[in-house]
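Student: One structure coming up, written as structure tokens, with questions to follow.
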Amino acid sequence: MRESVRSWKRGDKRSGFTLIELLVVIAIIAILIGLLLPAVQKIREAANRMKCSNNLKQIALGAHNYESAYGVLPPGILSTPAPANTFTFAAPITGPLAFLLPFVEQDNIYRQLFAADSRYLNVDDTTVTSGWYNQATYFSLAQSRIKIFECPSDNPYSSTTGTFICFFSGDSDTFTGGYYPNPTGNLFGRTNYVANAGVIGHQTSDAFYGQWEGPFGNRSKNPLGAMPDGTSNTMLFMEALGGQFPGNRDFSAAWMGGLAFSTAWGTTAGTSQWYQMGSKHSGVTQVAYGDGGVRSIRKGAGQSFFTPDWYALAAVSGFQDGNVVNWGLLGN
């Protein structure tokens with residue numbers, strides 16, 4: 001039996017796009033992409049902002065758990081043993097996020113640090129006379145990148161000049177930042193979150209600024225339950241870029257370092273500086289409060305000294321000033 005053969009014939013006429021039609025379709029697609037891109041960017045930023053808010057909340061809850069375990073919040077920095085309003089680099093310079101490692105699911109790093117030299121994580125030990133960056137194990141583990149300490153809207157590893165290893169407010173109404181240069185291979189793990197030291201830290205010679213002392217300071221041991229202003233009216237942690245933005249990013253901050261941050265210069269609007277609260281979110285900087293809640297403060301709030309919004313930010317920075325917080329001035 002002969003097999004039947006089937007054949008297909010292709011006609012002479014061809015169907016398809018003309019060049020003009022193709023160009024029109026490309027133009028339409030380009031217009032649609034142009035219309036959709038801002039919406040996609042807004043959705044991405046909304047997701048990043050939500051993630052950042054969750055980071056702050058987890059850090060605040062970690063501080064709550066630390067306080068439950070030890071009866072007090074972790075210190076803002078381990079600097080000179082006494083008095084609390086002076087500063088020296090001849091000390092551990094360890095900061096609050098290092099103390100919170102076991103409470104934000106970073107037990108492995110904490111155990112290695114503690115085993116190497118527990119004195120750097122002991123608020124009462126005064127025998128260490130050198131910073132954590134001079135201790136080999138601390139220096140090595142400080143390179144670790146910990147996602148919960150980083151805002152997804154920012155890339156803190158883009159800084160070119162150095163990494164802040166500490167922030168400190170002294171009794172001379174000054175705010176100090178010490179940084180480590182950025183040699184290749186020594187790019188410490190960064191953070192976008194710093195601890196609230198108040199308007200300008202612990203002051204004994206200036207009663208005006210001293211009334212707005214924050215919950216985190218040099219070797220501070222403040223319990224949450226003993227905050228006269230109430231936990232819902234007191235900031236614990238806030239966003240700070242630690243460097244210039246926009247433009248070339250010069251500095252970032254290391255999560256291992258002492259991060260007792262001053263709020264005297266407000267939150268940036270426009271070009272930020274290392275000494276200001278700030279973020280890469282659109283229009284706001286996020287902060288975590290003592291009750292575990294996270295709120296947004298508008299950019300520019302508290303930037304001009306002794307204005308109504310400056311006093312509002314001062315009130316929420318201090319934990320025992322007794323001032324009423326005007327949330328409307330802060331954009332909440």
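If you're wondering about the labels, chains in the structure tokens are A, B, ... by order shown, residues count from 1 in each chain, ligands from 1 in order shown.
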List every residue of stretch 34-113 of chain A that has an atom at most 9 Å from any atom of stretch 198-220 of chain A, giving for each one its closest atom pair and the distance in Å to one decimal, counting only C-alpha atoms, sorted by chain and then by ascending residue number, as a tab-separated table.

Tutor:
```
residue	atom	partner	partner_atom	distance
A:Val72	CA	A:Ser220	CA	8.7
A:Leu73	CA	A:Ser220	CA	7.8
A:Pro74	CA	A:Ser220	CA	7.2
A:Pro75	CA	A:Ser220	CA	4.6
A:Gly76	CA	A:Phe216	CA	4.4
A:Ile77	CA	A:Asn218	CA	4.9
A:Leu78	CA	A:Arg219	CA	5.3
A:Ser79	CA	A:Asn218	CA	6.0
A:Thr80	CA	A:Asn218	CA	7.7
A:Pro81	CA	A:Arg219	CA	7.5
A:Ala82	CA	A:Asn218	CA	8.9
A:Pro83	CA	A:Asn218	CA	8.9
A:Ala84	CA	A:Asn218	CA	5.6
A:Asn85	CA	A:His202	CA	5.7
A:Thr86	CA	A:Asn218	CA	8.5
A:Phe87	CA	A:Asn218	CA	8.3
A:Pro96	CA	A:Phe216	CA	8.4
```

Student: Give the alpha helix (DSSP H) residues of stretch 119-242 of chain A, as assigned by DSSP on the backbone, as a list in words.

Tutor: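 Going through stretch 119-242 of chain A, the alpha helix (DSSP H) residues come out as Ala136, Thr137, Tyr138, Phe139, Ser140, Leu141, Ala207, Phe208, Tyr209 and Gly210 of chain A.
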
Student: Mind dumping a table of every stretch 24-104 of chain A residue within 10 Å of stretch 280-287 of chain A, with the nearest atom pair and its distance in Å to one decimal, using only C-alpha atoms, sorted by chain and rising number, as a tab-separated table?

Tutor:
```
residue	atom	partner	partner_atom	distance
A:Lys42	CA	A:Ser282	CA	9.5
A:Glu45	CA	A:His281	CA	7.3
A:Ala46	CA	A:His281	CA	8.9
A:Asn48	CA	A:His281	CA	8.5
A:Arg49	CA	A:His281	CA	6.8
A:Cys52	CA	A:Gln286	CA	8.1
A:Ser53	CA	A:Gln286	CA	6.9
A:Leu56	CA	A:Val287	CA	7.1
A:Lys57	CA	A:Val287	CA	8.9
A:Ala60	CA	A:Val287	CA	9.7
```

Student: Now that the selection is made, can you save its residues with C-alpha atoms as an mmCIF file, in the first residue's frame?

Tutor:
```cif
data_model
loop_
_atom_site.group_PDB
_atom_site.id
_atom_site.type_symbol
_atom_site.label_atom_id
_atom_site.label_comp_id
_atom_site.auth_asym_id
_atom_site.auth_seq_id
_atom_site.Cartn_x
_atom_site.Cartn_y
_atom_site.Cartn_z
ATOM 1 C CA LYS A 42 6.425 54.250 43.993
ATOM 2 C CA GLU A 45 9.646 52.619 47.579
ATOM 3 C CA ALA A 46 6.467 51.808 49.507
ATOM 4 C CA ASN A 48 11.173 49.498 51.014
ATOM 5 C CA ARG A 49 9.646 51.921 53.490
ATOM 6 C CA CYS A 52 12.543 49.743 56.917
ATOM 7 C CA SER A 53 9.670 50.292 59.350
ATOM 8 C CA LEU A 56 13.050 49.602 63.249
ATOM 9 C CA LYS A 57 10.239 47.781 64.974
ATOM 10 C CA ALA A 60 12.868 48.390 69.241
#
```

Student: Of the candidates A:Gly322, A:Ala116, A:Thr268, A:Ala312, which shows the shortest atom-to-atom distance to A:Pro246, using only C-alpha atoms?

Tutor: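 Using only C-alpha atoms, the shortest distance to A:Pro246 belongs to A:Thr268.
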
Student: In terms of the shortest atom-to-atom distance over only C-alpha atoms, which of A:Gly278, A:Gly302, A:Gly331, A:Gly131 is closest to A:Leu241?

Tutor: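 Smallest separation from A:Leu241 among the options: A:Gly278.
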
Student: Running DSSP on the backbone, which parts of stretch 158-265 of chain A land in strand (DSSP E or B), as a PDB file with N, CA and C atoms, in the first residue's frame?

Tutor:
```pdb
ATOM      1  N   GLY A 162      34.845  57.336  54.797  1.00  0.00           N
ATOM      2  CA  GLY A 162      35.053  56.564  56.016  1.00  0.00           C
ATOM      3  C   GLY A 162      33.758  56.067  56.618  1.00  0.00           C
ATOM      4  N   THR A 163      33.908  55.287  57.679  1.00  0.00           N
ATOM      5  CA  THR A 163      32.773  54.710  58.393  1.00  0.00           C
ATOM      6  C   THR A 163      32.809  55.181  59.840  1.00  0.00           C
ATOM      7  N   PHE A 164      31.736  55.801  60.293  1.00  0.00           N
ATOM      8  CA  PHE A 164      31.688  56.267  61.676  1.00  0.00           C
ATOM      9  C   PHE A 164      31.659  55.078  62.620  1.00  0.00           C
ATOM     10  N   ILE A 165      32.567  55.100  63.582  1.00  0.00           N
ATOM     11  CA  ILE A 165      32.613  54.049  64.600  1.00  0.00           C
ATOM     12  C   ILE A 165      31.967  54.522  65.888  1.00  0.00           C
ATOM     13  N   CYS A 166      31.647  55.826  65.981  1.00  0.00           N
ATOM     14  CA  CYS A 166      30.972  56.322  67.177  1.00  0.00           C
ATOM     15  C   CYS A 166      30.400  57.710  66.943  1.00  0.00           C
ATOM     16  N   PHE A 167      29.357  58.007  67.708  1.00  0.00           N
ATOM     17  CA  PHE A 167      28.792  59.350  67.832  1.00  0.00           C
ATOM     18  C   PHE A 167      28.689  59.642  69.323  1.00  0.00           C
ATOM     19  N   PHE A 168      28.999  60.877  69.693  1.00  0.00           N
ATOM     20  CA  PHE A 168      28.950  61.199  71.118  1.00  0.00           C
ATOM     21  C   PHE A 168      28.708  62.688  71.331  1.00  0.00           C
ATOM     22  N   SER A 169      27.823  63.003  72.288  1.00  0.00           N
ATOM     23  CA  SER A 169      27.549  64.389  72.664  1.00  0.00           C
ATOM     24  C   SER A 169      28.239  64.692  73.981  1.00  0.00           C
ATOM     25  N   PHE A 175      28.656  67.867  69.271  1.00  0.00           N
ATOM     26  CA  PHE A 175      28.342  66.508  68.831  1.00  0.00           C
ATOM     27  C   PHE A 175      29.551  66.000  68.058  1.00  0.00           C
ATOM     28  N   THR A 176      30.125  64.895  68.515  1.00  0.00           N
ATOM     29  CA  THR A 176      31.364  64.363  67.959  1.00  0.00           C
ATOM     30  C   THR A 176      31.103  63.093  67.173  1.00  0.00           C
ATOM     31  N   GLY A 177      31.793  62.951  66.060  1.00  0.00           N
ATOM     32  CA  GLY A 177      31.754  61.710  65.299  1.00  0.00           C
ATOM     33  C   GLY A 177      33.167  61.247  65.010  1.00  0.00           C
ATOM     34  N   GLY A 178      33.474  60.022  65.358  1.00  0.00           N
ATOM     35  CA  GLY A 178      34.783  59.458  65.057  1.00  0.00           C
ATOM     36  C   GLY A 178      34.655  58.432  63.952  1.00  0.00           C
ATOM     37  N   TYR A 179      35.491  58.527  62.927  1.00  0.00           N
ATOM     38  CA  TYR A 179      35.348  57.611  61.795  1.00  0.00           C
ATOM     39  C   TYR A 179      36.640  56.861  61.510  1.00  0.00           C
ATOM     40  N   TYR A 180      36.462  55.720  60.879  1.00  0.00           N
ATOM     41  CA  TYR A 180      37.571  54.867  60.464  1.00  0.00           C
ATOM     42  C   TYR A 180      37.672  54.980  58.945  1.00  0.00           C
ATOM     43  N   PRO A 181      38.852  55.264  58.380  1.00  0.00           N
ATOM     44  CA  PRO A 181      38.982  55.381  56.917  1.00  0.00           C
ATOM     45  C   PRO A 181      38.567  54.086  56.223  1.00  0.00           C
ATOM     46  N   ARG A 190      27.465  48.122  57.809  1.00  0.00           N
ATOM     47  CA  ARG A 190      26.887  49.449  58.050  1.00  0.00           C
ATOM     48  C   ARG A 190      25.490  49.355  58.651  1.00  0.00           C
ATOM     49  N   THR A 191      25.011  50.508  59.107  1.00  0.00           N
ATOM     50  CA  THR A 191      23.644  50.609  59.589  1.00  0.00           C
ATOM     51  C   THR A 191      23.061  51.962  59.241  1.00  0.00           C
ATOM     52  N   TYR A 193      20.476  52.934  61.270  1.00  0.00           N
ATOM     53  CA  TYR A 193      19.695  53.172  62.481  1.00  0.00           C
ATOM     54  C   TYR A 193      20.602  53.517  63.652  1.00  0.00           C
ATOM     55  N   VAL A 194      20.281  54.597  64.326  1.00  0.00           N
ATOM     56  CA  VAL A 194      21.079  55.073  65.454  1.00  0.00           C
ATOM     57  C   VAL A 194      20.179  55.241  66.674  1.00  0.00           C
ATOM     58  N   ALA A 195      20.801  55.307  67.849  1.00  0.00           N
ATOM     59  CA  ALA A 195      20.064  55.407  69.115  1.00  0.00           C
ATOM     60  C   ALA A 195      19.906  56.863  69.528  1.00  0.00           C
ATOM     61  N   ASN A 196      18.796  57.157  70.163  1.00  0.00           N
ATOM     62  CA  ASN A 196      18.461  58.519  70.552  1.00  0.00           C
ATOM     63  C   ASN A 196      19.161  58.920  71.852  1.00  0.00           C
ATOM     64  N   GLY A 198      19.064  62.104  72.764  1.00  0.00           N
ATOM     65  CA  GLY A 198      18.422  63.356  73.154  1.00  0.00           C
ATOM     66  C   GLY A 198      18.926  64.502  72.294  1.00  0.00           C
ATOM     67  N   GLU A 213      17.647  65.192  77.698  1.00  0.00           N
ATOM     68  CA  GLU A 213      18.527  64.028  77.597  1.00  0.00           C
ATOM     69  C   GLU A 213      17.739  62.829  77.079  1.00  0.00           C
ATOM     70  N   ASN A 218      26.369  57.568  77.302  1.00  0.00           N
ATOM     71  CA  ASN A 218      27.593  56.870  77.683  1.00  0.00           C
ATOM     72  C   ASN A 218      27.343  55.989  78.904  1.00  0.00           C
ATOM     73  N   MET A 235      11.459  58.700  71.694  1.00  0.00           N
ATOM     74  CA  MET A 235      12.127  57.957  70.623  1.00  0.00           C
ATOM     75  C   MET A 235      13.203  57.050  71.204  1.00  0.00           C
ATOM     76  N   LEU A 236      13.334  55.869  70.614  1.00  0.00           N
ATOM     77  CA  LEU A 236      14.450  54.994  70.943  1.00  0.00           C
ATOM     78  C   LEU A 236      15.485  54.986  69.823  1.00  0.00           C
ATOM     79  N   PHE A 237      15.027  54.681  68.600  1.00  0.00           N
ATOM     80  CA  PHE A 237      15.930  54.588  67.451  1.00  0.00           C
ATOM     81  C   PHE A 237      15.369  55.392  66.286  1.00  0.00           C
ATOM     82  N   MET A 238      16.262  55.844  65.411  1.00  0.00           N
ATOM     83  CA  MET A 238      15.853  56.662  64.274  1.00  0.00           C
ATOM     84  C   MET A 238      16.786  56.420  63.101  1.00  0.00           C
ATOM     85  N   GLU A 239      16.341  56.854  61.949  1.00  0.00           N
ATOM     86  CA  GLU A 239      17.158  56.737  60.746  1.00  0.00           C
ATOM     87  C   GLU A 239      18.165  57.885  60.667  1.00  0.00           C
ATOM     88  N   PHE A 245      24.062  63.561  51.475  1.00  0.00           N
ATOM     89  CA  PHE A 245      23.117  63.094  50.463  1.00  0.00           C
ATOM     90  C   PHE A 245      22.202  64.266  50.101  1.00  0.00           C
ATOM     91  N   PHE A 251      30.223  59.418  54.095  1.00  0.00           N
ATOM     92  CA  PHE A 251      30.292  58.597  55.300  1.00  0.00           C
ATOM     93  C   PHE A 251      29.064  57.700  55.445  1.00  0.00           C
ATOM     94  N   SER A 252      29.253  56.625  56.181  1.00  0.00           N
ATOM     95  CA  SER A 252      28.179  55.782  56.691  1.00  0.00           C
ATOM     96  C   SER A 252      28.529  55.469  58.146  1.00  0.00           C
ATOM     97  N   ALA A 253      27.702  54.640  58.796  1.00  0.00           N
ATOM     98  CA  ALA A 253      27.964  54.292  60.198  1.00  0.00           C
ATOM     99  C   ALA A 253      28.065  52.784  60.363  1.00  0.00           C
ATOM    100  N   ALA A 254      28.951  52.332  61.238  1.00  0.00           N
ATOM    101  CA  ALA A 254      29.143  50.914  61.522  1.00  0.00           C
ATOM    102  C   ALA A 254      28.193  50.463  62.623  1.00  0.00           C
ATOM    103  N   TRP A 255      27.536  49.313  62.430  1.00  0.00           N
ATOM    104  CA  TRP A 255      26.579  48.838  63.434  1.00  0.00           C
ATOM    105  C   TRP A 255      27.253  48.471  64.760  1.00  0.00           C
ATOM    106  N   MET A 256      28.527  48.115  64.720  1.00  0.00           N
ATOM    107  CA  MET A 256      29.236  47.744  65.949  1.00  0.00           C
ATOM    108  C   MET A 256      29.497  48.952  66.848  1.00  0.00           C
ATOM    109  N   GLY A 257      29.498  50.141  66.274  1.00  0.00           N
ATOM    110  CA  GLY A 257      29.969  51.324  66.984  1.00  0.00           C
ATOM    111  C   GLY A 257      28.995  51.911  67.985  1.00  0.00           C
ATOM    112  N   GLY A 258      29.510  52.877  68.757  1.00  0.00           N
ATOM    113  CA  GLY A 258      28.678  53.629  69.686  1.00  0.00           C
ATOM    114  C   GLY A 258      27.817  54.608  68.923  1.00  0.00           C
ATOM    115  N   LEU A 259      26.494  54.446  68.989  1.00  0.00           N
ATOM    116  CA  LEU A 259      25.582  55.191  68.125  1.00  0.00           C
ATOM    117  C   LEU A 259      24.635  56.072  68.927  1.00  0.00           C
ATOM    118  N   ALA A 260      25.163  56.781  69.928  1.00  0.00           N
ATOM    119  CA  ALA A 260      24.358  57.713  70.717  1.00  0.00           C
ATOM    120  C   ALA A 260      24.238  59.014  69.926  1.00  0.00           C
ATOM    121  N   PHE A 261      23.127  59.173  69.207  1.00  0.00           N
ATOM    122  CA  PHE A 261      22.994  60.228  68.201  1.00  0.00           C
ATOM    123  C   PHE A 261      22.198  61.417  68.726  1.00  0.00           C
TER     124      PHE A 261
END
```

Student: Can you tell me, as a ChimeraX atom specification, what residues are no more than 9 Å from A:Leu329 when counting only C-alpha atoms, ignoring any on the same chain fewer than 6 positions away?

Tutor: /A:298,301,308-310,312-313

Student: Can you tell me how far atom CA of A:Gly225 sits from atom CA of A:Ser317, in Å to one decimal?

Tutor: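 Pair atom CA of A:Gly225 / atom CA of A:Ser317 returns 16.5 Å.
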
Student: Mind giving me the straight-line distance from atom CA of A:Ala63 to atom CA of A:Leu100 in Å, one decimal?

Tutor: 6.6 Å

Student: Choose the residue, out of A:Leu187, A:Ala69, A:Ala27, A:Met277, that has the smallest atom-to-atom separation from A:Phe139; count only C-alpha atoms.

Tutor: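 Selected residue with least distance to A:Phe139: A:Leu187.
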